[in-house]
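Encoded as structure tokens, the structure appears first; notes follow it.
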Amino acid sequence: MSMNRNGLIRQLAGGLIVSCQAGRGHALRDSAAIARMASAAADGGARAIRCGGVGGLDDVAAVREAVALPVIGLTKQDRDGVFITPTLDDAVAVARRGAEIVALDGTSRPRPDGLDLAAVIKAVHDEGALVMADVATLPDGELAAAAGADLVASTLSGYTEDTAGRVGPGPDLELVAGLRRALPDQPIVAEGRYHSPESVAEALRLGATAVVVGTAITDPTWITRSFARAVGS
């Protein structure tokens with residue numbers, strides 16, 4: 001595990017992770033489309049692909065087959081509270097579909113199966129995969145690291161009850177900087193509302209190991225809407 005972990009993290013370091021997801025009702029909500037999106041991101045220089053979401057295991061498997069890059073897999077459930085790869089069974093299933101890294105909720109909120117984070121991380125490690133813990137706050141990040149998470153990501157800042165409304169429309173760079181100060185040896189992934197190359201560069205400057213960009217690269221509806229607003233359409 002340690003050699004695999006070190007090699008994967010070296011591959012991600014200083015680079016861009018592209019999130020290839022599409023929600024229900026989106027024109028690209030199809031696993032084959034997600035796989036082509038991942039291939040395009042790989043051609044553009046992505047270091048890894050984050051995928052799954054509402055497309056779940058089918059998206060993970062399709063992307064794993066389509067690209068040679070590391071796959072960061074997850075599932076999403078339509079529910080309050082913990083919704084990213086919420087149970088141990090979900091996490092193990094993602095690993096078994098070929099994801100080298102399993103992204104899951106790393107907050108201190110209760111998990112729907114009642115298990116603690118350390119138990120879920122151990123189960124993923126037993127499958128030979130790493131864990132990216134998606135957190136919302138600095139205490140979350142510290143707890144996730146202590147529980148054995150291989151990477152800690154700022155993904156959920158602004159999307160939990162205790163952080164909603166406390167961050168602006170842009171990325172939570174303050175959380176990235178705080179995680180780096182508190183966890184100097186921990187791989188830190190910046191994620192959430194990174195909509196420009198400048199914000200990605202700033203996150204890396206503040207100590208992020210890698211940065212995830214999704215919407216601004218892989219959602220043509222959002223991109224088109226941004227341009228349409230600029231010209232008053």
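In the structure tokens, each chain is lettered A, B, ... as it comes, each chain's residues begin at 1, and ligands are numbered from 1 in order of appearance.
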Please provide the set of residues having any atom within 8 Å of region 196-209 of chain A, restricted to only C-alpha atoms, with same-chain residues fewer than 2 positions apart removed, written as a PyMOL selection string. chain A and resi 12-15+171+173+176-177+180+187-190+194+211+216
Residues within 8 Å of region 123-131 of chain A, only C-alpha atoms, excluding chain neighbours under 4 positions, as an mmCIF file with C-alpha atoms, in the first residue's frame:
```
data_model
loop_
_atom_site.group_PDB
_atom_site.id
_atom_site.type_symbol
_atom_site.label_atom_id
_atom_site.label_comp_id
_atom_site.auth_asym_id
_atom_site.auth_seq_id
_atom_site.Cartn_x
_atom_site.Cartn_y
_atom_site.Cartn_z
ATOM 1 C CA MET A 1 0.000 0.000 0.000
ATOM 2 C CA ARG A 5 0.212 5.495 -2.152
ATOM 3 C CA LEU A 88 -18.748 1.285 3.775
ATOM 4 C CA ALA A 91 -16.830 2.720 -0.710
ATOM 5 C CA VAL A 92 -15.829 -0.897 -1.240
ATOM 6 C CA ALA A 95 -12.826 0.391 -5.202
ATOM 7 C CA ARG A 96 -13.925 -2.867 -6.811
ATOM 8 C CA ALA A 99 -10.903 3.331 -8.693
ATOM 9 C CA GLU A 100 -7.410 3.696 -7.289
ATOM 10 C CA ILE A 101 -8.713 6.373 -4.924
ATOM 11 C CA VAL A 102 -12.144 6.400 -3.281
ATOM 12 C CA ALA A 103 -13.565 9.832 -2.483
ATOM 13 C CA LEU A 104 -15.935 9.865 0.466
ATOM 14 C CA ALA A 119 -13.527 1.719 9.782
ATOM 15 C CA ALA A 149 -7.212 9.292 5.052
ATOM 16 C CA ASP A 150 -4.528 9.368 2.387
ATOM 17 C CA LEU A 151 -5.653 12.734 0.996
#
```
12 Å contact set for Pro220 (chain A), only C-alpha atoms, chain neighbours under 6 positions out, as an NGL selection string: :A and (20-22 or 26-28 or 37 or 214 or 226-228)
File dump, residues just selected, C-alpha atoms, as a PDB file, in the first residue's frame:
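Written out: selection-v5.pdb:
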```
ATOM      1  CA  CYS A  20     -16.179  14.455 -14.921  1.00  0.00           C
ATOM      2  CA  GLN A  21     -19.751  14.290 -13.639  1.00  0.00           C
ATOM      3  CA  ALA A  22     -23.229  15.171 -14.885  1.00  0.00           C
ATOM      4  CA  HIS A  26     -28.178  17.016 -17.835  1.00  0.00           C
ATOM      5  CA  ALA A  27     -27.586  16.546 -21.558  1.00  0.00           C
ATOM      6  CA  LEU A  28     -24.382  14.627 -20.781  1.00  0.00           C
ATOM      7  CA  MET A  37     -15.233  13.664 -21.304  1.00  0.00           C
ATOM      8  CA  GLY A 214     -15.063  20.219 -12.644  1.00  0.00           C
ATOM      9  CA  SER A 226     -21.407  32.252 -18.223  1.00  0.00           C
ATOM     10  CA  PHE A 227     -20.653  33.603 -21.697  1.00  0.00           C
ATOM     11  CA  ALA A 228     -24.326  34.326 -22.389  1.00  0.00           C
TER      12      ALA A 228
END
```
Excluding region 52-66 of chain A and any residue of its chain fewer than 2 positions from it, enumerate the residues within 12 Å of it, using only C-alpha atoms, and give them as a ChimeraX atom specification. /A:18-26,28-43,48-50,68-79,83-86,90-104,214
Just want the 12 Å neighbourhood of Gly168 (chain A), counted on only C-alpha atoms, with same-chain residues fewer than 5 positions away dropped. Output as a ChimeraX atom specification. /A:157-159,163,173-174,192-194
Could you pull out all residues of region 31-199 of chain A with a DSSP call of helix (DSSP H, G or I) and give them as a PyMOL selection string? chain A and resi 31-43+53-66+88-96+117-126+138-146+173-182+197-199
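Each of A:Ala145, A:Ala136, A:Val212, A:Ile217 was checked against Ala164 (chain A) using only C-alpha atoms; the smallest atom-to-atom distance is that of A:Ala136.
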